[in-house]
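As stored in data12.cif (mmCIF, C-alpha atoms):
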```cif
data_upload
loop_
_atom_site.group_PDB
_atom_site.id
_atom_site.type_symbol
_atom_site.label_atom_id
_atom_site.label_comp_id
_atom_site.auth_asym_id
_atom_site.auth_seq_id
_atom_site.Cartn_x
_atom_site.Cartn_y
_atom_site.Cartn_z
ATOM 1 C CA SER A 23 0.000 0.000 0.000
ATOM 2 C CA VAL A 24 1.016 3.619 -0.483
ATOM 3 C CA THR A 25 1.897 5.474 2.708
ATOM 4 C CA THR A 26 3.127 8.982 1.752
ATOM 5 C CA ARG A 27 4.112 9.674 5.369
ATOM 6 C CA GLY A 28 5.381 12.950 6.811
ATOM 7 C CA SER A 29 2.176 14.911 6.237
ATOM 8 C CA LEU A 30 -0.205 12.055 7.000
ATOM 9 C CA ARG A 31 -2.384 13.115 9.930
ATOM 10 C CA LEU A 32 -4.747 10.140 10.008
ATOM 11 C CA TRP A 33 -4.844 6.758 8.251
ATOM 12 C CA TRP A 34 -7.562 4.190 8.832
ATOM 13 C CA PRO A 35 -6.894 1.068 6.718
ATOM 14 C CA PHE A 36 -10.029 -0.573 8.243
ATOM 15 C CA ASP A 37 -8.264 -3.944 8.329
ATOM 16 C CA GLU A 38 -9.471 -4.921 11.825
ATOM 17 C CA GLY A 39 -12.340 -7.048 10.548
ATOM 18 C CA ALA A 40 -14.149 -6.843 13.891
ATOM 19 C CA GLY A 41 -14.714 -4.556 16.864
ATOM 20 C CA SER A 42 -15.660 -0.901 17.346
ATOM 21 C CA VAL A 43 -12.262 0.803 16.935
ATOM 22 C CA ALA A 44 -10.613 1.971 13.709
ATOM 23 C CA ALA A 45 -6.888 1.873 14.425
ATOM 24 C CA ASP A 46 -4.795 4.783 13.159
ATOM 25 C CA ALA A 47 -1.853 3.511 11.086
ATOM 26 C CA SER A 48 -0.300 6.992 10.699
ATOM 27 C CA GLY A 49 1.565 6.663 14.013
ATOM 28 C CA ASN A 50 -0.265 9.695 15.451
ATOM 29 C CA GLY A 51 -2.649 7.744 17.668
ATOM 30 C CA PHE A 52 -5.906 9.070 16.222
ATOM 31 C CA ASP A 53 -8.015 5.937 16.599
ATOM 32 C CA GLY A 54 -11.689 6.276 15.681
ATOM 33 C CA PHE A 55 -14.724 4.940 17.558
ATOM 34 C CA ILE A 56 -17.226 3.141 15.308
ATOM 35 C CA THR A 57 -20.948 3.357 16.043
ATOM 36 C CA SER A 58 -23.369 0.934 14.318
ATOM 37 C CA GLY A 59 -20.872 -0.022 11.621
ATOM 38 C CA GLY A 60 -20.156 -3.525 10.372
ATOM 39 C CA TRP A 61 -17.254 -5.238 8.657
ATOM 40 C CA SER A 62 -16.750 -6.824 5.259
ATOM 41 C CA ASN A 63 -13.925 -8.979 3.885
ATOM 42 C CA THR A 64 -14.448 -7.600 0.371
ATOM 43 C CA GLY A 65 -12.636 -4.295 0.692
ATOM 44 C CA ALA A 66 -10.529 -2.421 -1.798
ATOM 45 C CA ASN A 67 -7.588 -3.869 0.115
ATOM 46 C CA ALA A 68 -8.380 -6.748 2.518
ATOM 47 C CA SER A 69 -11.255 -5.969 4.905
ATOM 48 C CA CYS A 70 -13.245 -2.736 5.036
ATOM 49 C CA LEU A 71 -15.924 -0.946 7.033
ATOM 50 C CA SER A 72 -19.567 -1.305 5.996
ATOM 51 C CA ILE A 73 -21.899 1.469 7.176
ATOM 52 C CA GLY A 74 -25.525 2.487 6.847
ATOM 53 C CA SER A 75 -27.324 5.771 7.269
ATOM 54 C CA SER A 76 -27.034 5.745 11.096
ATOM 55 C CA ALA A 77 -23.418 4.572 11.359
ATOM 56 C CA THR A 78 -20.526 6.909 12.190
ATOM 57 C CA VAL A 79 -16.797 6.865 12.816
ATOM 58 C CA ASN A 80 -15.657 9.609 15.174
ATOM 59 C CA ILE A 81 -12.646 11.617 13.913
ATOM 60 C CA PRO A 82 -10.736 13.162 16.848
ATOM 61 C CA PRO A 83 -10.801 16.978 16.432
ATOM 62 C CA ALA A 84 -7.081 17.063 17.302
ATOM 63 C CA VAL A 85 -6.418 15.627 13.836
ATOM 64 C CA PHE A 86 -7.054 19.160 12.530
ATOM 65 C CA ASP A 87 -4.934 21.098 15.065
ATOM 66 C CA GLY A 88 -2.846 23.660 13.182
ATOM 67 C CA LEU A 89 -4.350 22.553 9.890
ATOM 68 C CA ASP A 90 -5.785 25.712 8.349
ATOM 69 C CA LYS A 91 -4.445 26.300 4.844
ATOM 70 C CA GLN A 92 -4.003 22.970 3.028
ATOM 71 C CA LEU A 93 -5.791 19.629 3.168
ATOM 72 C CA THR A 94 -6.226 16.353 1.282
ATOM 73 C CA VAL A 95 -8.872 13.808 2.258
ATOM 74 C CA ALA A 96 -8.719 10.487 0.368
ATOM 75 C CA SER A 97 -10.658 7.233 0.592
ATOM 76 C CA TRP A 98 -11.932 4.212 -1.280
ATOM 77 C CA THR A 99 -15.736 4.019 -1.310
ATOM 78 C CA TYR A 100 -18.323 1.526 -2.544
ATOM 79 C CA GLY A 101 -21.787 3.082 -2.444
ATOM 80 C CA ASP A 102 -24.644 0.624 -2.203
ATOM 81 C CA SER A 103 -27.373 0.201 -4.821
ATOM 82 C CA SER A 104 -29.848 2.455 -2.949
ATOM 83 C CA LEU A 105 -27.923 5.558 -4.053
ATOM 84 C CA PRO A 106 -28.457 8.298 -5.054
ATOM 85 C CA GLN A 107 -29.871 9.539 -1.759
ATOM 86 C CA ASN A 108 -28.938 12.436 0.486
ATOM 87 C CA THR A 109 -25.628 11.369 2.033
ATOM 88 C CA VAL A 110 -22.916 12.845 4.209
ATOM 89 C CA PHE A 111 -19.740 10.864 3.692
ATOM 90 C CA PHE A 112 -17.530 13.035 5.876
ATOM 91 C CA TYR A 113 -17.960 16.302 7.778
ATOM 92 C CA ALA A 114 -16.271 18.684 10.232
ATOM 93 C CA TYR A 115 -17.916 21.557 12.138
ATOM 94 C CA ASP A 116 -16.536 24.298 14.366
ATOM 95 C CA ALA A 117 -17.661 24.981 17.943
ATOM 96 C CA GLY A 118 -20.359 27.340 16.677
ATOM 97 C CA GLY A 119 -21.965 24.615 14.569
ATOM 98 C CA ASN A 120 -20.702 26.091 11.295
ATOM 99 C CA LYS A 121 -19.876 23.731 8.439
ATOM 100 C CA VAL A 122 -16.123 23.740 7.776
ATOM 101 C CA LEU A 123 -15.609 20.522 5.806
ATOM 102 C CA ASN A 124 -18.226 18.328 4.147
ATOM 103 C CA VAL A 125 -18.632 15.750 1.377
ATOM 104 C CA HIS A 126 -21.959 14.657 -0.103
ATOM 105 C CA LEU A 127 -21.249 11.441 -2.031
ATOM 106 C CA PRO A 128 -23.711 12.047 -3.617
ATOM 107 C CA TRP A 129 -26.782 14.182 -2.854
ATOM 108 C CA TRP A 130 -30.178 12.985 -4.095
ATOM 109 C CA GLU A 131 -29.781 14.655 -7.507
ATOM 110 C CA LYS A 132 -26.529 12.742 -8.195
ATOM 111 C CA SER A 133 -24.207 15.678 -7.543
ATOM 112 C CA VAL A 134 -21.047 15.238 -5.481
ATOM 113 C CA TYR A 135 -20.307 18.234 -3.230
ATOM 114 C CA TRP A 136 -16.983 19.208 -1.664
ATOM 115 C CA ASP A 137 -17.250 21.972 0.966
ATOM 116 C CA ALA A 138 -14.035 23.249 2.544
ATOM 117 C CA GLY A 139 -13.379 26.496 4.369
ATOM 118 C CA ASN A 140 -15.394 28.652 6.731
ATOM 119 C CA SER A 141 -14.260 31.725 8.610
ATOM 120 C CA GLY A 142 -16.891 31.442 11.335
ATOM 121 C CA SER A 143 -20.198 32.045 9.549
ATOM 122 C CA SER A 144 -22.865 30.203 7.588
ATOM 123 C CA SER A 145 -20.911 30.778 4.356
ATOM 124 C CA PHE A 146 -18.433 28.215 3.039
ATOM 125 C CA ASP A 147 -16.443 27.397 -0.102
ATOM 126 C CA ARG A 148 -17.947 24.733 -2.367
ATOM 127 C CA ILE A 149 -17.462 22.915 -5.658
ATOM 128 C CA ASN A 150 -19.919 20.346 -7.017
ATOM 129 C CA LYS A 151 -20.678 18.339 -10.126
ATOM 130 C CA THR A 152 -23.196 15.757 -11.319
ATOM 131 C CA ALA A 153 -21.684 12.271 -11.215
ATOM 132 C CA ALA A 154 -22.322 9.120 -13.232
ATOM 133 C CA ASP A 155 -23.837 6.201 -11.319
ATOM 134 C CA SER A 156 -20.604 4.243 -11.711
ATOM 135 C CA ASP A 157 -18.713 7.012 -9.897
ATOM 136 C CA TYR A 158 -20.476 6.459 -6.584
ATOM 137 C CA LYS A 159 -22.192 3.059 -6.389
ATOM 138 C CA ASN A 160 -21.910 -0.684 -7.052
ATOM 139 C CA GLN A 161 -18.131 -0.646 -7.463
ATOM 140 C CA TRP A 162 -15.009 0.539 -5.692
ATOM 141 C CA ASN A 163 -13.911 4.077 -6.544
ATOM 142 C CA HIS A 164 -11.111 6.150 -5.081
ATOM 143 C CA TRP A 165 -11.998 9.750 -4.182
ATOM 144 C CA ALA A 166 -9.599 12.531 -3.166
ATOM 145 C CA PHE A 167 -10.707 15.990 -2.015
ATOM 146 C CA VAL A 168 -8.142 18.803 -1.983
ATOM 147 C CA LYS A 169 -8.112 22.424 -0.736
ATOM 148 C CA ASN A 170 -5.292 24.968 -1.020
ATOM 149 C CA VAL A 171 -6.151 28.298 0.590
ATOM 150 C CA ALA A 172 -2.986 30.021 -0.685
ATOM 151 C CA THR A 173 -3.881 29.392 -4.338
ATOM 152 C CA GLY A 174 -7.658 29.418 -3.829
ATOM 153 C CA GLU A 175 -7.956 26.014 -5.494
ATOM 154 C CA MET A 176 -10.319 23.190 -4.590
ATOM 155 C CA LYS A 177 -10.158 19.880 -6.465
ATOM 156 C CA ILE A 178 -11.852 16.495 -6.611
ATOM 157 C CA TYR A 179 -10.134 13.415 -8.037
ATOM 158 C CA VAL A 180 -11.836 10.139 -8.999
ATOM 159 C CA ASN A 181 -9.689 7.019 -9.408
ATOM 160 C CA GLY A 182 -6.561 9.141 -9.637
ATOM 161 C CA ASP A 183 -7.806 11.538 -12.303
ATOM 162 C CA LEU A 184 -8.804 15.171 -11.818
ATOM 163 C CA TRP A 185 -12.600 15.259 -11.968
ATOM 164 C CA LEU A 186 -13.456 18.822 -10.903
ATOM 165 C CA SER A 187 -11.649 21.997 -9.846
ATOM 166 C CA GLY A 188 -12.606 25.459 -8.638
ATOM 167 C CA THR A 189 -10.763 28.732 -8.003
ATOM 168 C CA ASP A 190 -11.104 31.782 -5.732
ATOM 169 C CA LYS A 191 -11.835 29.475 -2.768
ATOM 170 C CA THR A 192 -9.840 31.195 -0.030
ATOM 171 C CA ARG A 193 -11.779 30.581 3.201
ATOM 172 C CA THR A 194 -9.620 28.938 5.885
ATOM 173 C CA PHE A 195 -10.597 25.984 8.068
ATOM 174 C CA GLY A 196 -10.347 27.436 11.561
ATOM 175 C CA SER A 197 -10.849 25.262 14.635
ATOM 176 C CA ILE A 198 -12.705 21.943 14.357
ATOM 177 C CA ALA A 199 -14.898 20.766 17.243
ATOM 178 C CA ASP A 200 -16.774 17.813 15.731
ATOM 179 C CA SER A 201 -15.919 15.534 12.801
ATOM 180 C CA LYS A 202 -17.129 12.140 11.599
ATOM 181 C CA ILE A 203 -17.455 9.756 8.715
ATOM 182 C CA GLY A 204 -21.216 9.450 8.214
ATOM 183 C CA GLY A 205 -23.811 10.945 10.526
ATOM 184 C CA ASN A 206 -25.004 14.538 10.567
ATOM 185 C CA GLY A 207 -28.598 13.509 9.935
ATOM 186 C CA TYR A 208 -27.946 11.624 6.686
ATOM 187 C CA GLY A 209 -24.926 9.356 6.920
ATOM 188 C CA TYR A 210 -23.415 7.234 4.184
ATOM 189 C CA ARG A 211 -24.607 3.970 2.651
ATOM 190 C CA GLY A 212 -21.942 1.556 1.522
ATOM 191 C CA LYS A 213 -18.397 0.437 2.257
ATOM 192 C CA VAL A 214 -15.333 2.529 3.138
ATOM 193 C CA ASP A 215 -11.665 1.571 2.957
ATOM 194 C CA ASP A 216 -8.275 3.248 3.440
ATOM 195 C CA PHE A 217 -9.488 6.633 4.741
ATOM 196 C CA ARG A 218 -6.728 9.260 5.006
ATOM 197 C CA ILE A 219 -6.271 12.921 5.973
ATOM 198 C CA TYR A 220 -3.137 14.864 4.972
ATOM 199 C CA ASP A 221 -2.114 18.339 6.113
ATOM 200 C CA ARG A 222 -0.953 19.367 2.644
ATOM 201 C CA VAL A 223 -1.994 19.193 -0.996
ATOM 202 C CA LEU A 224 -0.891 15.897 -2.499
ATOM 203 C CA SER A 225 0.493 15.974 -6.027
ATOM 204 C CA ASP A 226 -1.320 14.434 -8.970
ATOM 205 C CA ALA A 227 1.211 11.578 -8.934
ATOM 206 C CA GLU A 228 0.697 10.917 -5.225
ATOM 207 C CA ILE A 229 -3.069 10.788 -5.641
ATOM 208 C CA LYS A 230 -2.702 8.490 -8.637
ATOM 209 C CA ALA A 231 -0.566 6.163 -6.515
ATOM 210 C CA LEU A 232 -3.186 6.071 -3.755
ATOM 211 C CA ALA A 233 -5.829 5.203 -6.352
ATOM 212 C CA THR A 234 -3.908 2.258 -7.796
ATOM 213 C CA MET A 235 -5.982 -0.826 -7.068
ATOM 214 C CA PRO A 236 -4.052 -3.697 -5.495
ATOM 215 C CA PRO A 237 -4.295 -6.874 -7.582
ATOM 216 C CA PRO A 238 -6.397 -9.712 -6.178
ATOM 217 C CA VAL A 239 -4.393 -12.286 -4.234
ATOM 218 C CA ILE A 240 -5.680 -15.546 -2.752
ATOM 219 C CA THR A 241 -4.587 -15.469 0.904
ATOM 220 C CA VAL A 242 -6.290 -18.690 2.044
ATOM 221 C CA GLN A 243 -6.311 -21.542 -0.458
ATOM 222 C CA PRO A 244 -9.018 -24.247 -0.568
ATOM 223 C CA GLU A 245 -8.114 -27.406 1.324
ATOM 224 C CA ASN A 246 -8.013 -30.865 -0.248
ATOM 225 C CA GLN A 247 -10.908 -33.088 0.780
ATOM 226 C CA MET A 248 -11.971 -36.716 0.341
ATOM 227 C CA THR A 249 -15.630 -37.732 0.312
ATOM 228 C CA SER A 250 -17.595 -40.948 0.545
ATOM 229 C CA THR A 251 -20.545 -41.987 -1.574
ATOM 230 C CA GLY A 252 -23.500 -39.727 -0.874
ATOM 231 C CA ASP A 253 -21.412 -36.993 0.777
ATOM 232 C CA THR A 254 -20.763 -33.439 -0.371
ATOM 233 C CA ALA A 255 -17.649 -31.308 0.083
ATOM 234 C CA THR A 256 -17.424 -27.554 0.537
ATOM 235 C CA PHE A 257 -14.385 -25.643 -0.674
ATOM 236 C CA SER A 258 -13.690 -22.026 0.364
ATOM 237 C CA LEU A 259 -11.043 -19.420 -0.255
ATOM 238 C CA THR A 260 -10.197 -15.941 0.977
ATOM 239 C CA ALA A 261 -8.845 -13.216 -1.310
ATOM 240 C CA SER A 262 -7.432 -9.742 -0.700
ATOM 241 C CA GLY A 263 -7.366 -6.910 -3.173
ATOM 242 C CA VAL A 264 -10.471 -6.585 -5.301
ATOM 243 C CA PRO A 265 -11.639 -9.857 -6.834
ATOM 244 C CA THR A 266 -13.714 -9.079 -9.909
ATOM 245 C CA GLY A 267 -15.383 -12.470 -9.612
ATOM 246 C CA TYR A 268 -14.912 -16.129 -8.760
ATOM 247 C CA GLN A 269 -15.140 -19.181 -10.991
ATOM 248 C CA TRP A 270 -14.673 -22.719 -9.680
ATOM 249 C CA GLN A 271 -13.525 -25.355 -12.143
ATOM 250 C CA SER A 272 -13.404 -29.150 -12.177
ATOM 251 C CA SER A 273 -10.979 -31.585 -13.735
ATOM 252 C CA ALA A 274 -10.882 -35.359 -14.094
ATOM 253 C CA ASP A 275 -7.144 -35.531 -14.786
ATOM 254 C CA GLY A 276 -5.675 -32.282 -13.394
ATOM 255 C CA ALA A 277 -4.732 -31.165 -16.885
ATOM 256 C CA VAL A 278 -7.993 -30.078 -18.504
ATOM 257 C CA TRP A 279 -10.237 -27.830 -16.393
ATOM 258 C CA THR A 280 -13.886 -26.984 -17.045
ATOM 259 C CA PRO A 281 -15.805 -24.079 -15.414
ATOM 260 C CA ILE A 282 -18.620 -25.243 -13.113
ATOM 261 C CA ALA A 283 -21.888 -23.529 -14.029
ATOM 262 C CA GLY A 284 -23.136 -21.209 -11.302
ATOM 263 C CA ALA A 285 -20.060 -21.693 -9.094
ATOM 264 C CA THR A 286 -19.133 -18.021 -8.881
ATOM 265 C CA ALA A 287 -18.917 -17.324 -5.124
ATOM 266 C CA SER A 288 -15.982 -17.568 -2.692
ATOM 267 C CA SER A 289 -17.146 -21.040 -1.657
ATOM 268 C CA TYR A 290 -18.482 -24.051 -3.573
ATOM 269 C CA THR A 291 -20.289 -27.184 -2.397
ATOM 270 C CA THR A 292 -20.065 -30.218 -4.646
ATOM 271 C CA PRO A 293 -23.034 -32.405 -5.498
ATOM 272 C CA ALA A 294 -23.289 -35.602 -3.467
ATOM 273 C CA ALA A 295 -20.648 -38.084 -4.559
ATOM 274 C CA GLY A 296 -21.981 -40.950 -6.629
#
```

When written as C-alpha cells, how does the structure in this file appear?
Amino acid sequence: SVTTRGSLRLWWPFDEGAGSVAADASGNGFDGFITSGGWSNTGANASCLSIGSSATVNIPPAVFDGLDKQLTVASWTYGDSSLPQNTVFFYAYDAGGNKVLNVHLPWWEKSVYWDAGNSGSSSFDRINKTAADSDYKNQWNHWAFVKNVATGEMKIYVNGDLWLSGTDKTRTFGSIADSKIGGNGYGYRGKVDDFRIYDRVLSDAEIKALATMPPPVITVQPENQMTSTGDTATFSLTASGVPTGYQWQSSADGAVWTPIAGATASSYTTPAAG
C-alpha cells in the first residue's frame, strides 16, 4: 500500500475485521470509535468498514490542530445500490456549529459536493458536479478531495484523475470541534476503505498512486478433501485486493479444467458423490 508519510495526519486502513475501533496507522494515535458499523472482507484492500445511514466513525478533532491552509482527504468508497440519496460521507464543524468541511457522495440529484473552508459564519467554499452512477455506487472508486487556501484552489479526483476543480476558494478551516465519517442527519450507505487525511496538498502523482488498485491475491487456499458416496464437500477461499469475480472449475485428470456452471462465489459445495 502507499503510505506517503510525513504529512499524514490520520490513516484508517479498516483492516481490523471486527470490533468498534478503527486503528490509526499513521503513528499519530488518532483511533476512531465506530458506532453501528459492520465489517466486510471484500474491501478495496483486505477488509473494510460497511456502514448504513445511522453509522458513524468519530474523527478526533485534534487531527485538525494547526491545519488551516491545506488539506487532502482520500478514501476508497463503494456506495450501495440504494444511491443516489442524500448522504454525508464526511464532515467537520466548528464549535459554533458552522460547516467547515463536508462531502456529499452524492446528494439525491446525483451531484457530489466538496465543501471546505469557513471563517466562522454560515458561508463556506464549495465545488460540485453531477456524477455518473458508476462514480459512486456498485463498485469501488477512489476519491480525493483537496483544498489549497494560498492558491484558492479546490479539487476532486476520482480514481486518480482530476474530476473537478474550482478557483477563488480562499476561506480557511479554523478550529474543528466535531468531525465524523457518516452521521449529521444523513450518513453514508456503503463500504469505506483506506481513509486518510493529509495536512498538505498531495500531487497528482501521489493521488494516482493512492488510487492504484491492489491486484487480487488468494490469501487462504481451498483445502483438499476426500468424500464418501453420498457426501458433499465444501471448498472455500479468501482473497485480498479486489476480486472481480470467482469461478470454480473441475478436472478429471488435473490437466484439462472446465468451469462449473453457477459456481461463482468464494465457496463451492459439490453435489453428493456418486

Using all atoms listed in the file, which of A:Thr291, A:Asn63, A:Thr94, A:Gln107 sits nearest Phe36 in chain A? A:Asn63

Could you give me, as a PyMOL selection string, the residues that have an atom at most 10 Å away from the point (-14.7, -31.1, 0.0) in the coordinates of the file, using only C-alpha atoms? chain A and resi 244-249+253-258+290-292

Given all atoms listed in the file as the counted atoms, nearest of A:Asn124, A:Ser289, A:Ser225, A:Ser76 to Trp270 in chain A: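 The closest residue to Trp270 in chain A is A:Ser289.
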
Nearest to Thr152 in chain A by atom-to-atom distance, counting only C-alpha atoms, from A:Asn140, A:Ser273, A:Ser133, A:Thr286: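 For Thr152 in chain A, the nearest of the given residues is A:Ser133.
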
Suppose you want the space between CA of Leu89 in chain A and CA of Thr109 in chain A; what is it in Å? 25.3 Å

Given all atoms listed in the file as the counted atoms, nearest of A:Val125, A:Ser143, A:Ala96, A:His164 to Leu224 in chain A: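 The closest residue to Leu224 in chain A is A:Ala96.
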
Check which residues satisfy the PyMOL selection byres ((chain A and resi 269) around 8) in the file shown, then give them as a list of chain:residue names.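 This file, filtered by the PyMOL selection byres ((chain A and resi 269) around 8), leaves A:Gly267, A:Tyr268, A:Trp270, A:Gln271, A:Pro281, A:Ile282, A:Ala285, A:Thr286, A:Ala287.
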
With only C-alpha atoms as the counted atoms, please give the residues lying no more than 9 Å from Pro82 in chain A, apart from itself and same-chain residues fewer than 4 positions off, as a PyMOL selection string. chain A and resi 52-54+86+199-202

Specify as a list of chain:residue names each residue included when the PyMOL selection byres ((chain A and resi 34) around 6) is applied to this file. A:Trp33, A:Pro35, A:Phe36, A:Asp46, A:Asp216, A:Phe217

Using the chain letters and numbers from this file, what does the PyMOL selection byres ((chain A and resi 187) around 10) select? Give the answer as a count of residues only. 16

So that I can see what lies close to Val134 in chain A, please list as number ranges by chain the residues with an atom at most 7 Å from it, counting only C-alpha atoms and leaving out residues fewer than 2 positions away in the same chain. A: 126-129, 132, 136, 150-153
